[in-house]
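Asks: I'm passing along query.pdb; it holds PDB, C-alpha atoms and all ligand atoms.
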ATOM      1  CA  MET A  14     -27.069  16.460  15.543
ATOM      2  CA  ASP A  15     -27.759  14.670  12.291
ATOM      3  CA  ILE A  16     -24.798  12.446  11.606
ATOM      4  CA  THR A  17     -24.570  13.273   7.905
ATOM      5  CA  GLU A  18     -24.172  16.945   8.795
ATOM      6  CA  THR A  19     -21.322  16.129  11.132
ATOM      7  CA  LEU A  20     -19.591  13.990   8.535
ATOM      8  CA  ALA A  21     -19.624  16.726   5.945
ATOM      9  CA  ILE A  22     -17.194  18.701   8.114
ATOM     10  CA  PRO A  23     -13.724  17.155   8.098
ATOM     11  CA  ILE A  24     -11.815  17.546  11.360
ATOM     12  CA  PRO A  25      -8.232  16.857  10.255
ATOM     13  CA  GLU A  26      -6.493  17.756  13.517
ATOM     14  CA  GLN A  27      -8.738  15.633  15.669
ATOM     15  CA  LEU A  28      -7.921  11.964  15.342
ATOM     16  CA  ASP A  29      -9.863  10.518  18.234
ATOM     17  CA  PRO A  30     -13.486  10.482  17.117
ATOM     18  CA  SER A  31     -14.744   9.484  20.542
ATOM     19  CA  ALA A  32     -13.496  12.826  21.819
ATOM     20  CA  THR A  33     -15.226  14.749  19.038
ATOM     21  CA  THR A  34     -18.691  16.123  19.538
ATOM     22  CA  GLY A  35     -20.970  14.489  17.045
ATOM     23  CA  HIS A  36     -18.673  11.469  16.559
ATOM     24  CA  ALA A  37     -19.029  10.248  20.115
ATOM     25  CA  ASP A  38     -21.907   7.880  19.355
ATOM     26  CA  LEU A  39     -20.238   6.357  16.294
ATOM     27  CA  ASP A  40     -19.257   2.738  16.652
ATOM     28  CA  LEU A  41     -15.892   2.297  14.984
ATOM     29  CA  THR A  42     -15.523  -1.396  15.728
ATOM     30  CA  THR A  43     -14.528  -3.037  12.453
ATOM     31  CA  VAL A  44     -17.451  -4.431  10.484
ATOM     32  CA  GLY A  45     -16.736  -7.513   8.336
ATOM     33  CA  ASP A  46     -14.398 -10.478   8.579
ATOM     34  CA  ILE A  47     -10.810  -9.278   8.958
ATOM     35  CA  THR A  48      -9.471 -12.760   8.187
ATOM     36  CA  VAL A  49      -8.940 -14.550   4.877
ATOM     37  CA  PRO A  50      -8.464 -18.306   4.336
ATOM     38  CA  ASP A  51      -4.958 -17.846   2.868
ATOM     39  CA  PRO A  52      -3.280 -14.886   4.579
ATOM     40  CA  ARG A  53       0.175 -13.788   3.416
ATOM     41  CA  MET A  54       0.506 -11.244   6.215
ATOM     42  CA  LYS A  55      -1.525 -10.470   9.320
ATOM     43  CA  LEU A  56      -1.789  -7.143  11.131
ATOM     44  CA  ARG A  57      -2.830  -7.633  14.753
ATOM     45  CA  ASP A  58      -3.733  -4.986  17.356
ATOM     46  CA  ILE A  59      -1.829  -2.310  15.481
ATOM     47  CA  ASN A  60      -1.596   1.135  17.039
ATOM     48  CA  VAL A  61       0.698   3.734  15.507
ATOM     49  CA  PHE A  62       1.824   6.975  17.089
ATOM     50  CA  TYR A  63       3.712   9.990  15.760
ATOM     51  CA  GLY A  64       5.095  11.398  18.993
ATOM     52  CA  GLN A  65       2.070  11.812  21.279
ATOM     53  CA  LYS A  66      -0.396  11.740  18.413
ATOM     54  CA  GLN A  67      -2.066   8.452  17.580
ATOM     55  CA  ALA A  68      -2.637   7.896  13.853
ATOM     56  CA  VAL A  69      -3.824   4.259  13.738
ATOM     57  CA  PHE A  70      -6.145   2.659  16.300
ATOM     58  CA  ASN A  71      -6.202  -1.049  17.043
ATOM     59  CA  VAL A  72      -6.254  -2.373  13.479
ATOM     60  CA  ASN A  73      -6.582  -6.082  12.718
ATOM     61  CA  LEU A  74      -6.390  -7.134   9.080
ATOM     62  CA  ASP A  75      -5.217 -10.039   6.917
ATOM     63  CA  ILE A  76      -3.494  -9.486   3.584
ATOM     64  CA  GLY A  77      -4.441 -12.405   1.326
ATOM     65  CA  SER A  78      -2.103 -14.456  -0.856
ATOM     66  CA  ASN A  79      -2.167 -13.890  -4.608
ATOM     67  CA  SER A  80      -4.767 -11.220  -4.332
ATOM     68  CA  VAL A  81      -5.057  -7.462  -4.250
ATOM     69  CA  SER A  82      -6.153  -5.774  -1.026
ATOM     70  CA  ALA A  83      -7.228  -2.155  -1.437
ATOM     71  CA  MET A  84      -7.077   0.420   1.350
ATOM     72  CA  ILE A  85      -9.353   3.398   0.923
ATOM     73  CA  GLY A  86     -10.565   6.319   2.999
ATOM     74  CA  PRO A  87     -10.360  10.082   3.368
ATOM     75  CA  SER A  88      -7.031  11.883   3.431
ATOM     76  CA  GLY A  89      -5.235  11.536   6.758
ATOM     77  CA  CYS A  90      -7.102   8.385   7.856
ATOM     78  CA  GLY A  91      -3.873   6.408   8.217
ATOM     79  CA  LYS A  92      -3.663   4.372   5.003
ATOM     80  CA  THR A  93      -0.023   5.170   4.276
ATOM     81  CA  THR A  94       0.897   4.760   7.931
ATOM     82  CA  LEU A  95      -0.674   1.308   8.044
ATOM     83  CA  LEU A  96       0.856   0.256   4.720
ATOM     84  CA  ARG A  97       4.286   1.258   6.023
ATOM     85  CA  CYS A  98       3.809  -1.058   9.037
ATOM     86  CA  LEU A  99       3.897  -4.041   6.687
ATOM     87  CA  ASN A 100       7.559  -3.580   5.752
ATOM     88  CA  ARG A 101       8.672  -1.498   8.716
ATOM     89  CA  MET A 102       9.134   1.640   6.671
ATOM     90  CA  ASN A 103       7.799   3.501   9.720
ATOM     91  CA  ASP A 104      11.096   2.609  11.437
ATOM     92  CA  THR A 105      12.728   5.217   9.230
ATOM     93  CA  ILE A 106      10.459   8.023  10.527
ATOM     94  CA  ASP A 107      11.650   9.857  13.636
ATOM     95  CA  GLY A 108       9.139   9.746  16.466
ATOM     96  CA  CYS A 109       6.981   7.050  14.878
ATOM     97  CA  ARG A 110       6.098   4.148  17.174
ATOM     98  CA  VAL A 111       4.269   0.985  16.160
ATOM     99  CA  GLU A 112       2.550  -1.284  18.694
ATOM    100  CA  GLY A 113       1.131  -4.700  17.891
ATOM    101  CA  ARG A 114       2.130  -7.579  15.660
ATOM    102  CA  VAL A 115       2.675  -7.894  11.935
ATOM    103  CA  GLU A 116       2.964 -11.554  11.070
ATOM    104  CA  MET A 117       4.484 -13.207   8.060
ATOM    105  CA  ASP A 118       4.783 -17.005   8.082
ATOM    106  CA  GLY A 119       3.646 -16.937  11.698
ATOM    107  CA  LYS A 120       6.556 -14.724  12.786
ATOM    108  CA  ASN A 121       6.382 -11.126  13.955
ATOM    109  CA  VAL A 122       8.250  -8.910  11.491
ATOM    110  CA  TYR A 123       8.824  -6.504  14.397
ATOM    111  CA  ALA A 124      10.785  -9.148  16.336
ATOM    112  CA  ARG A 125      14.225  -7.937  17.366
ATOM    113  CA  LYS A 126      16.069 -10.468  15.224
ATOM    114  CA  VAL A 127      14.346  -9.479  11.970
ATOM    115  CA  ASP A 128      16.551  -7.415   9.663
ATOM    116  CA  PRO A 129      14.328  -4.668   8.171
ATOM    117  CA  VAL A 130      16.468  -4.517   5.030
ATOM    118  CA  LEU A 131      15.842  -8.194   4.321
ATOM    119  CA  LEU A 132      12.179  -7.772   5.223
ATOM    120  CA  ARG A 133      11.864  -4.992   2.640
ATOM    121  CA  ALA A 134      13.217  -7.336  -0.020
ATOM    122  CA  ARG A 135      10.355  -9.730   0.826
ATOM    123  CA  VAL A 136       7.827  -6.926   1.165
ATOM    124  CA  GLY A 137       8.635  -4.426  -1.584
ATOM    125  CA  MET A 138       7.148  -0.995  -2.043
ATOM    126  CA  VAL A 139       6.130   1.249  -4.905
ATOM    127  CA  PHE A 140       5.512   4.901  -4.092
ATOM    128  CA  GLN A 141       3.107   7.563  -5.222
ATOM    129  CA  LYS A 142       5.709   9.450  -7.195
ATOM    130  CA  PRO A 143       7.901   7.276  -9.425
ATOM    131  CA  ASN A 144      11.375   7.447  -7.877
ATOM    132  CA  PRO A 145      13.919   5.799 -10.173
ATOM    133  CA  PHE A 146      17.506   6.049  -8.965
ATOM    134  CA  PRO A 147      19.773   8.416 -10.952
ATOM    135  CA  LYS A 148      21.206   5.380 -12.695
ATOM    136  CA  SER A 149      20.665   3.576 -15.982
ATOM    137  CA  ILE A 150      17.476   1.587 -16.586
ATOM    138  CA  PHE A 151      19.545  -1.596 -16.270
ATOM    139  CA  ASP A 152      21.195  -0.540 -13.010
ATOM    140  CA  ASN A 153      17.877   0.501 -11.480
ATOM    141  CA  VAL A 154      16.548  -3.023 -11.850
ATOM    142  CA  ALA A 155      19.912  -4.657 -11.069
ATOM    143  CA  TYR A 156      20.296  -2.670  -7.833
ATOM    144  CA  GLY A 157      18.357  -4.998  -5.502
ATOM    145  CA  PRO A 158      19.731  -8.293  -6.844
ATOM    146  CA  ARG A 159      23.243  -6.846  -6.538
ATOM    147  CA  ILE A 160      22.990  -5.568  -2.959
ATOM    148  CA  HIS A 161      21.241  -8.727  -1.803
ATOM    149  CA  GLY A 162      23.835 -10.913  -3.541
ATOM    150  CA  LEU A 163      21.203 -12.749  -5.563
ATOM    151  CA  VAL A 164      23.375 -13.171  -8.657
ATOM    152  CA  HIS A 165      26.624 -14.963  -9.400
ATOM    153  CA  ASP A 166      27.605 -13.430 -12.708
ATOM    154  CA  ARG A 167      26.628 -10.982 -15.422
ATOM    155  CA  THR A 168      24.514 -13.545 -17.291
ATOM    156  CA  ASP A 169      22.421 -14.165 -14.164
ATOM    157  CA  LEU A 170      22.002 -10.453 -13.649
ATOM    158  CA  GLU A 171      20.961  -9.809 -17.254
ATOM    159  CA  GLU A 172      18.438 -12.604 -16.972
ATOM    160  CA  ILE A 173      16.875 -11.097 -13.834
ATOM    161  CA  VAL A 174      16.809  -7.577 -15.295
ATOM    162  CA  HIS A 175      15.152  -8.766 -18.510
ATOM    163  CA  THR A 176      12.602 -10.953 -16.747
ATOM    164  CA  SER A 177      11.694  -8.193 -14.299
ATOM    165  CA  LEU A 178      11.252  -5.613 -17.053
ATOM    166  CA  GLU A 179       9.188  -8.112 -19.005
ATOM    167  CA  ARG A 180       6.921  -8.847 -16.033
ATOM    168  CA  ALA A 181       6.525  -5.124 -15.431
ATOM    169  CA  GLY A 182       5.373  -4.744 -19.047
ATOM    170  CA  LEU A 183       8.252  -2.432 -19.913
ATOM    171  CA  LEU A 184      10.848  -4.541 -21.723
ATOM    172  CA  ASN A 185       9.673  -3.866 -25.268
ATOM    173  CA  GLU A 186       9.780  -0.124 -24.744
ATOM    174  CA  VAL A 187      13.286  -0.016 -23.252
ATOM    175  CA  LYS A 188      15.228  -3.029 -24.489
ATOM    176  CA  ASP A 189      17.338  -0.961 -26.889
ATOM    177  CA  ARG A 190      18.272   1.680 -24.325
ATOM    178  CA  LEU A 191      18.968  -0.140 -21.079
ATOM    179  CA  ASP A 192      22.100   1.949 -20.552
ATOM    180  CA  GLN A 193      20.162   5.215 -20.573
ATOM    181  CA  PRO A 194      18.993   6.977 -17.383
ATOM    182  CA  GLY A 195      15.793   5.709 -15.775
ATOM    183  CA  THR A 196      14.855   9.296 -15.053
ATOM    184  CA  GLY A 197      14.598   9.932 -18.804
ATOM    185  CA  LEU A 198      11.504   7.738 -19.144
ATOM    186  CA  SER A 199       7.907   8.999 -19.130
ATOM    187  CA  GLY A 200       6.071   9.034 -15.783
ATOM    188  CA  GLY A 201       4.163   5.830 -16.565
ATOM    189  CA  GLN A 202       7.333   4.116 -17.763
ATOM    190  CA  GLN A 203       9.179   5.270 -14.647
ATOM    191  CA  GLN A 204       6.464   3.762 -12.459
ATOM    192  CA  ARG A 205       6.739   0.458 -14.352
ATOM    193  CA  LEU A 206      10.523   0.680 -13.918
ATOM    194  CA  CYS A 207       9.971   1.057 -10.162
ATOM    195  CA  ILE A 208       7.697  -1.984 -10.231
ATOM    196  CA  ALA A 209      10.404  -3.904 -12.172
ATOM    197  CA  ARG A 210      12.937  -2.814  -9.543
ATOM    198  CA  ALA A 211      10.641  -4.015  -6.748
ATOM    199  CA  ILE A 212      10.004  -7.420  -8.322
ATOM    200  CA  ALA A 213      13.663  -8.012  -9.278
ATOM    201  CA  VAL A 214      14.395  -9.277  -5.761
ATOM    202  CA  SER A 215      11.444 -11.730  -5.940
ATOM    203  CA  PRO A 216       9.374 -10.238  -3.145
ATOM    204  CA  GLU A 217       6.345 -12.036  -1.778
ATOM    205  CA  VAL A 218       4.308  -8.917  -1.132
ATOM    206  CA  ILE A 219       4.220  -5.618  -3.006
ATOM    207  CA  LEU A 220       2.921  -2.502  -1.271
ATOM    208  CA  MET A 221       1.684   0.270  -3.528
ATOM    209  CA  ASP A 222       0.868   3.723  -2.166
ATOM    210  CA  GLU A 223      -1.304   5.531  -4.719
ATOM    211  CA  PRO A 224       0.908   4.249  -7.541
ATOM    212  CA  CYS A 225      -1.120   5.937 -10.273
ATOM    213  CA  SER A 226      -1.831   9.312  -8.749
ATOM    214  CA  ALA A 227       0.887  11.019 -10.816
ATOM    215  CA  LEU A 228      -0.080   9.230 -14.048
ATOM    216  CA  ASP A 229      -2.399   9.967 -16.951
ATOM    217  CA  PRO A 230      -5.379   7.659 -17.676
ATOM    218  CA  ILE A 231      -3.509   5.584 -20.278
ATOM    219  CA  ALA A 232      -0.487   4.996 -18.031
ATOM    220  CA  THR A 233      -2.924   4.269 -15.178
ATOM    221  CA  ALA A 234      -4.731   1.651 -17.260
ATOM    222  CA  ARG A 235      -1.396  -0.054 -17.990
ATOM    223  CA  ILE A 236      -0.466  -0.170 -14.305
ATOM    224  CA  GLU A 237      -3.910  -1.531 -13.399
ATOM    225  CA  GLU A 238      -3.557  -4.229 -16.040
ATOM    226  CA  LEU A 239      -0.123  -5.014 -14.649
ATOM    227  CA  ILE A 240      -1.480  -5.292 -11.094
ATOM    228  CA  GLY A 241      -3.957  -7.882 -12.409
ATOM    229  CA  GLU A 242      -1.044  -9.872 -13.881
ATOM    230  CA  LEU A 243       1.213  -9.502 -10.847
ATOM    231  CA  ARG A 244      -1.311 -10.850  -8.426
ATOM    232  CA  LYS A 245      -0.879 -14.312  -9.947
ATOM    233  CA  ASN A 246       2.575 -14.341  -8.342
ATOM    234  CA  PHE A 247       2.507 -11.758  -5.569
ATOM    235  CA  SER A 248       0.279 -10.480  -2.804
ATOM    236  CA  ILE A 249      -0.498  -6.840  -3.303
ATOM    237  CA  ALA A 250      -1.718  -4.176  -0.891
ATOM    238  CA  ILE A 251      -2.655  -0.949  -2.630
ATOM    239  CA  VAL A 252      -3.693   2.424  -1.252
ATOM    240  CA  THR A 253      -5.821   4.382  -3.664
ATOM    241  CA  HIS A 254      -7.957   7.507  -3.699
ATOM    242  CA  SER A 255      -9.787   6.233  -6.742
ATOM    243  CA  MET A 256     -12.740   4.090  -5.824
ATOM    244  CA  GLN A 257     -13.039   3.040  -9.448
ATOM    245  CA  GLN A 258      -9.475   1.794  -9.257
ATOM    246  CA  ALA A 259     -10.112  -0.113  -6.032
ATOM    247  CA  ALA A 260     -13.182  -1.655  -7.648
ATOM    248  CA  ARG A 261     -11.277  -2.613 -10.809
ATOM    249  CA  VAL A 262      -8.098  -4.069  -9.339
ATOM    250  CA  SER A 263      -8.840  -5.462  -5.891
ATOM    251  CA  GLN A 264     -10.567  -8.506  -4.487
ATOM    252  CA  ARG A 265     -10.856  -7.140  -0.956
ATOM    253  CA  THR A 266     -11.298  -3.585   0.229
ATOM    254  CA  ALA A 267     -10.645  -2.042   3.639
ATOM    255  CA  TYR A 268     -12.228   1.292   4.488
ATOM    256  CA  PHE A 269     -10.460   3.521   7.053
ATOM    257  CA  HIS A 270     -11.757   6.530   8.925
ATOM    258  CA  LEU A 271      -9.746   8.707  11.350
ATOM    259  CA  GLY A 272      -7.247   5.919  11.970
ATOM    260  CA  TYR A 273      -9.818   3.172  12.461
ATOM    261  CA  LEU A 274     -10.495   0.231  10.143
ATOM    262  CA  VAL A 275     -14.235   0.715   9.834
ATOM    263  CA  GLU A 276     -15.168  -1.993   7.367
ATOM    264  CA  VAL A 277     -13.513  -4.730   5.340
ATOM    265  CA  GLY A 278     -14.858  -7.302   2.932
ATOM    266  CA  PRO A 279     -14.971  -8.554  -0.641
ATOM    267  CA  THR A 280     -14.586  -5.510  -2.894
ATOM    268  CA  LYS A 281     -17.906  -6.014  -4.640
ATOM    269  CA  ASP A 282     -19.755  -6.110  -1.314
ATOM    270  CA  ILE A 283     -18.039  -2.975  -0.037
ATOM    271  CA  PHE A 284     -19.024  -1.077  -3.162
ATOM    272  CA  THR A 285     -22.527  -2.464  -3.616
ATOM    273  CA  THR A 286     -23.767  -3.236  -0.112
ATOM    274  CA  PRO A 287     -21.593  -1.467   2.454
ATOM    275  CA  LYS A 288     -22.701  -2.242   5.995
ATOM    276  CA  HIS A 289     -21.265   0.671   7.951
ATOM    277  CA  GLN A 290     -22.793   4.087   7.560
ATOM    278  CA  LEU A 291     -19.365   5.736   7.188
ATOM    279  CA  THR A 292     -18.410   3.399   4.345
ATOM    280  CA  GLU A 293     -21.623   4.164   2.568
ATOM    281  CA  GLU A 294     -21.158   7.895   3.010
ATOM    282  CA  TYR A 295     -17.674   7.660   1.541
ATOM    283  CA  ILE A 296     -18.362   5.451  -1.445
ATOM    284  CA  THR A 297     -21.403   7.445  -2.415
ATOM    285  CA  GLY A 298     -19.193  10.523  -2.422
ATOM    286  CA  ARG A 299     -20.923  12.368   0.362
ATOM    287  CA  PHE A 300     -17.646  13.122   2.123
ATOM    288  CA  GLY A 301     -13.914  12.473   1.930
TER     289      GLY A 301
HETATM  290  N1  LIG A 401       5.791  11.737   9.491
HETATM  291  C1  LIG A 401       4.720  12.112  10.195
HETATM  292  N2  LIG A 401       4.840  12.840  11.318
HETATM  293  C2  LIG A 401       3.745  13.225  12.044
HETATM  294  N3  LIG A 401       2.487  12.891  11.716
HETATM  295  C3  LIG A 401       2.307  12.172  10.599
HETATM  296  C4  LIG A 401       3.401  11.739   9.780
HETATM  297  N4  LIG A 401       2.902  11.031   8.736
HETATM  298  C5  LIG A 401       1.574  11.020   8.898
HETATM  299  N5  LIG A 401       1.203  11.703  10.014
HETATM  300  C6  LIG A 401      -0.172  11.900  10.521
HETATM  301  O1  LIG A 401      -0.792  10.644  10.688
HETATM  302  C7  LIG A 401      -2.125  10.660  10.199
HETATM  303  C8  LIG A 401      -2.290   9.620   9.085
HETATM  304  O2  LIG A 401      -1.481   9.994   7.995
HETATM  305  P1  LIG A 401      -1.320   9.101   6.695
HETATM  306  O3  LIG A 401      -0.282   9.737   5.854
HETATM  307  O4  LIG A 401      -1.106   7.695   7.096
HETATM  308  O5  LIG A 401      -2.768   9.250   6.036
HETATM  309  P2  LIG A 401      -3.294   8.780   4.611
HETATM  310  O6  LIG A 401      -4.584   8.071   4.842
HETATM  311  O7  LIG A 401      -2.220   8.064   3.877
HETATM  312  O8  LIG A 401      -3.606  10.196   3.908
HETATM  313  P3  LIG A 401      -3.506  10.609   2.352
HETATM  314  O9  LIG A 401      -4.701   9.994   1.699
HETATM  315  O10 LIG A 401      -3.581  12.107   2.401
HETATM  316  O11 LIG A 401      -2.202  10.103   1.815
HETATM  317  C9  LIG A 401      -2.375  12.082   9.721
HETATM  318  O12 LIG A 401      -3.012  12.785  10.765
HETATM  319  C10 LIG A 401      -1.002  12.631   9.486
HETATM  320  O13 LIG A 401      -0.962  14.030   9.683
HETATM  321 MG    MG A 402      -1.164   8.479   2.132
END
Kindly transcribe the structure held in the file into structure tokens.
Ligand SMILES: Nc1ncnc2c1ncn2[C@@H]1O[C@H](COP(=O)(O)OP(=O)(O)OP(=O)(O)O)[C@@H](O)[C@H]1O
Ligand SMILES: [Mg+2]

Replies:
Amino acid sequence: MDITETLAIPIPEQLDPSATTGHADLDLTTVGDITVPDPRMKLRDINVFYGQKQAVFNVNLDIGSNSVSAMIGPSGCGKTTLLRCLNRMNDTIDGCRVEGRVEMDGKNVYARKVDPVLLRARVGMVFQKPNPFPKSIFDNVAYGPRIHGLVHDRTDLEEIVHTSLERAGLLNEVKDRLDQPGTGLSGGQQQRLCIARAIAVSPEVILMDEPCSALDPIATARIEELIGELRKNFSIAIVTHSMQQAARVSQRTAYFHLGYLVEVGPTKDIFTTPKHQLTEEYITGRFG
């Protein structure tokens, strides 16, 4: 059967392409160099299961320092699952099992002695839907520094809150109403508040799972601009359904298909000269 015909029909329940008629001859070995010269984190031989069902297959990938790594691919291909491996958020999901290594500074973050709560302060996360706590703007940002004991007194705390809001590009809009609820802000402001909350604990890596999907184009443009700023100080891994967004904000792009990392490389190469047929099909909009 012609492969393009097969690809036009999504098979959401079937995750193992080798077992799927028409996908059997597809080589899903990753194309491109999975390594970078200055990795901040390394995923090695990652397999993820939800109960008996495997969602991620043998993924190897470096997340570079001070750069933005984009993860793209059709719905259900495992982007969120893989992103959640980086700060062990999958630990919080019943029945989810992760095999393999996730290295940071040469150490496996899945090692028994690693405290996931401390790990999540180093590897922060921003979600698809802005999720400010039902607290004041100030307390949202102060939450992390407080629970991690990063501050000695009120002056310290105010300093961190102000700096974080400033770096998230939100301070000017909220400086006169820090005592008001975070949930009272606009969607775009709430997402910047969540970014301020994530950076308040000085993480090294920020994971973003479709951070703009609930935002309008203006709020999206602000977040994209912010991502460009943040990468000077942080490593960022972002999942996005917008190929334009991946092209605008990232330096490297990883393309996933049915739980496999199919291709990875410099963003401009992925979007201009993709090597794998599946990548090309996806970026030219023929499926996904
Ligand atoms: N909590 C869960 N329990 C069981 N299966 C899950 C769970 N979360 C995800 N899955 C399954 O794992 C696979 C990968 O899901 P994942 O959410 O990682 O995909 P995704 O690429 O992020 O998709 P989308 O673009 O729709 O967000 C899917 O088949 C999904 O149904
Ligand atoms: Mg997802």

Asks: Compile a residue-level contact table for chain A against ligand LIG 401 (chain A) at a cut-off of 10 Å, reporting for every qualifying residue the shortest atom pair and its distance in Å to one decimal, with all atoms listed in the file counted, rows ordered by chain and ascending number, as CSV.

Replies:
residue,atom,partner,partner_atom,distance
A:Pro25,CA,A:LIG401,O12,6.6
A:Glu26,CA,A:LIG401,O12,6.7
A:Gln27,CA,A:LIG401,O12,8.1
A:Leu28,CA,A:LIG401,O12,6.8
A:Val61,CA,A:LIG401,O1,8.6
A:Phe62,CA,A:LIG401,O1,7.8
A:Tyr63,CA,A:LIG401,C2,4.9
A:Gly64,CA,A:LIG401,C2,7.3
A:Gln65,CA,A:LIG401,C2,9.5
A:Lys66,CA,A:LIG401,N3,7.4
A:Gln67,CA,A:LIG401,O1,7.3
A:Ala68,CA,A:LIG401,O1,4.6
A:Val69,CA,A:LIG401,C8,7.3
A:Met84,CA,A:LIG401,O6,8.8
A:Ile85,CA,A:LIG401,O6,7.7
A:Gly86,CA,A:LIG401,O6,6.5
A:Pro87,CA,A:LIG401,O9,5.9
A:Ser88,CA,A:LIG401,O9,3.5
A:Gly89,CA,A:LIG401,O5,3.4
A:Cys90,CA,A:LIG401,O6,3.9
A:Gly91,CA,A:LIG401,O4,3.3
A:Lys92,CA,A:LIG401,O6,3.8
A:Thr93,CA,A:LIG401,O7,3.7
A:Thr94,CA,A:LIG401,O4,3.7
A:Leu95,CA,A:LIG401,O4,6.5
A:Leu96,CA,A:LIG401,O4,8.1
A:Arg97,CA,A:LIG401,O4,8.5
A:Asn103,CA,A:LIG401,N1,8.5
A:Thr105,CA,A:LIG401,N1,9.5
A:Ile106,CA,A:LIG401,N1,6.1
A:Asp107,CA,A:LIG401,N1,7.4
A:Gly108,CA,A:LIG401,N2,7.4
A:Cys109,CA,A:LIG401,N2,7.1
A:Gln141,CA,A:LIG401,O11,9.2
A:Asp222,CA,A:LIG401,O7,8.1
A:Glu223,CA,A:LIG401,O11,8.0
A:Val252,CA,A:LIG401,O7,7.8
A:Thr253,CA,A:LIG401,O9,7.8
A:His254,CA,A:LIG401,O9,6.8
A:Phe269,CA,A:LIG401,O6,7.8
A:His270,CA,A:LIG401,O6,8.4
A:Leu271,CA,A:LIG401,C8,7.8
A:Gly272,CA,A:LIG401,C8,6.8
A:Gly301,CA,A:LIG401,O9,9.5

Asks: Near region 209-211 of chain A, within 6 Å and counting all atoms listed in the file, which residues show up once chain neighbours fewer than 5 positions away are dropped, as a list in words?

Replies: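 Once the nearby chain positions are removed, what remains is Gly137, Val154, Ser177, Leu178 and Ala181 of chain A.
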
Asks: To verify the selection step, state as an mmCIF file with C-alpha atoms, keeping the file's coordinate frame which residues the PyMOL selection byres (((chain A and resi 40-53) around 8) and not hetatm) yields on this input.

Replies:
data_model
loop_
_atom_site.group_PDB
_atom_site.id
_atom_site.type_symbol
_atom_site.label_atom_id
_atom_site.label_comp_id
_atom_site.auth_asym_id
_atom_site.auth_seq_id
_atom_site.Cartn_x
_atom_site.Cartn_y
_atom_site.Cartn_z
ATOM 1 C CA ASP A 38 -21.907 7.880 19.355
ATOM 2 C CA LEU A 39 -20.238 6.357 16.294
ATOM 3 C CA MET A 54 0.506 -11.244 6.215
ATOM 4 C CA LYS A 55 -1.525 -10.470 9.320
ATOM 5 C CA ASN A 73 -6.582 -6.082 12.718
ATOM 6 C CA LEU A 74 -6.390 -7.134 9.080
ATOM 7 C CA ASP A 75 -5.217 -10.039 6.917
ATOM 8 C CA ILE A 76 -3.494 -9.486 3.584
ATOM 9 C CA GLY A 77 -4.441 -12.405 1.326
ATOM 10 C CA SER A 78 -2.103 -14.456 -0.856
ATOM 11 C CA MET A 117 4.484 -13.207 8.060
ATOM 12 C CA ASP A 118 4.783 -17.005 8.082
ATOM 13 C CA VAL A 218 4.308 -8.917 -1.132
ATOM 14 C CA SER A 248 0.279 -10.480 -2.804
ATOM 15 C CA TYR A 273 -9.818 3.172 12.461
ATOM 16 C CA LEU A 274 -10.495 0.231 10.143
ATOM 17 C CA VAL A 275 -14.235 0.715 9.834
ATOM 18 C CA GLU A 276 -15.168 -1.993 7.367
ATOM 19 C CA VAL A 277 -13.513 -4.730 5.340
ATOM 20 C CA GLY A 278 -14.858 -7.302 2.932
ATOM 21 C CA LYS A 288 -22.701 -2.242 5.995
ATOM 22 C CA HIS A 289 -21.265 0.671 7.951
#

Asks: Using the chain letters and numbering of this document, enumerate as JSON, numbers by chain the residues selected by the PyMOL selection byres (((chain A and resi 157) around 12) and not hetatm).

Replies: {"A": [130, 131, 133, 134, 135, 137, 146, 151, 152, 153, 154, 155, 156, 158, 159, 160, 161, 162, 163, 164, 170, 173, 174, 177, 207, 209, 210, 211, 212, 213, 214, 215, 216]}

Asks: For the structure shown, which residues end up in the PyMOL selection byres (((chain A and resi 227) around 9) and not hetatm)? Put them as a tab-separated table (two decimals) with C-alpha atoms, in the coordinates of the input, please?

Replies:
chain	number	residue	atom	x	y	z
A	141	GLN	CA	3.11	7.56	-5.22
A	142	LYS	CA	5.71	9.45	-7.20
A	143	PRO	CA	7.90	7.28	-9.43
A	200	GLY	CA	6.07	9.03	-15.78
A	201	GLY	CA	4.16	5.83	-16.57
A	223	GLU	CA	-1.30	5.53	-4.72
A	224	PRO	CA	0.91	4.25	-7.54
A	225	CYS	CA	-1.12	5.94	-10.27
A	226	SER	CA	-1.83	9.31	-8.75
A	228	LEU	CA	-0.08	9.23	-14.05
A	229	ASP	CA	-2.40	9.97	-16.95
A	233	THR	CA	-2.92	4.27	-15.18

Asks: Point out the residue among A:Met221, A:Ile150, A:Leu184, A:Ala267 with the least atom-to-atom distance to ligand MG 402 (chain A), counting only C-alpha atoms and all ligand atoms.

Replies: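 Among the listed residues, A:Met221 lies closest to ligand MG 402 (chain A).
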
Asks: Applying 12 Å and all atoms listed in the file, which residues near Lys120 (chain A) remain after dropping the ones on its own chain fewer than 2 positions away? List them as a ChimeraX atom specification.

Replies: /A:53-57,114-118,122-127,132

Asks: Output the selection as an mmCIF file, in the coordinates of the input - C-alpha atoms for each residue.

Replies:
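Once everything was written out, this is result.cif:
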data_model
loop_
_atom_site.group_PDB
_atom_site.id
_atom_site.type_symbol
_atom_site.label_atom_id
_atom_site.label_comp_id
_atom_site.auth_asym_id
_atom_site.auth_seq_id
_atom_site.Cartn_x
_atom_site.Cartn_y
_atom_site.Cartn_z
ATOM 1 C CA ARG A 53 0.175 -13.788 3.416
ATOM 2 C CA MET A 54 0.506 -11.244 6.215
ATOM 3 C CA LYS A 55 -1.525 -10.470 9.320
ATOM 4 C CA LEU A 56 -1.789 -7.143 11.131
ATOM 5 C CA ARG A 57 -2.830 -7.633 14.753
ATOM 6 C CA ARG A 114 2.130 -7.579 15.660
ATOM 7 C CA VAL A 115 2.675 -7.894 11.935
ATOM 8 C CA GLU A 116 2.964 -11.554 11.070
ATOM 9 C CA MET A 117 4.484 -13.207 8.060
ATOM 10 C CA ASP A 118 4.783 -17.005 8.082
ATOM 11 C CA VAL A 122 8.250 -8.910 11.491
ATOM 12 C CA TYR A 123 8.824 -6.504 14.397
ATOM 13 C CA ALA A 124 10.785 -9.148 16.336
ATOM 14 C CA ARG A 125 14.225 -7.937 17.366
ATOM 15 C CA LYS A 126 16.069 -10.468 15.224
ATOM 16 C CA VAL A 127 14.346 -9.479 11.970
ATOM 17 C CA LEU A 132 12.179 -7.772 5.223
#
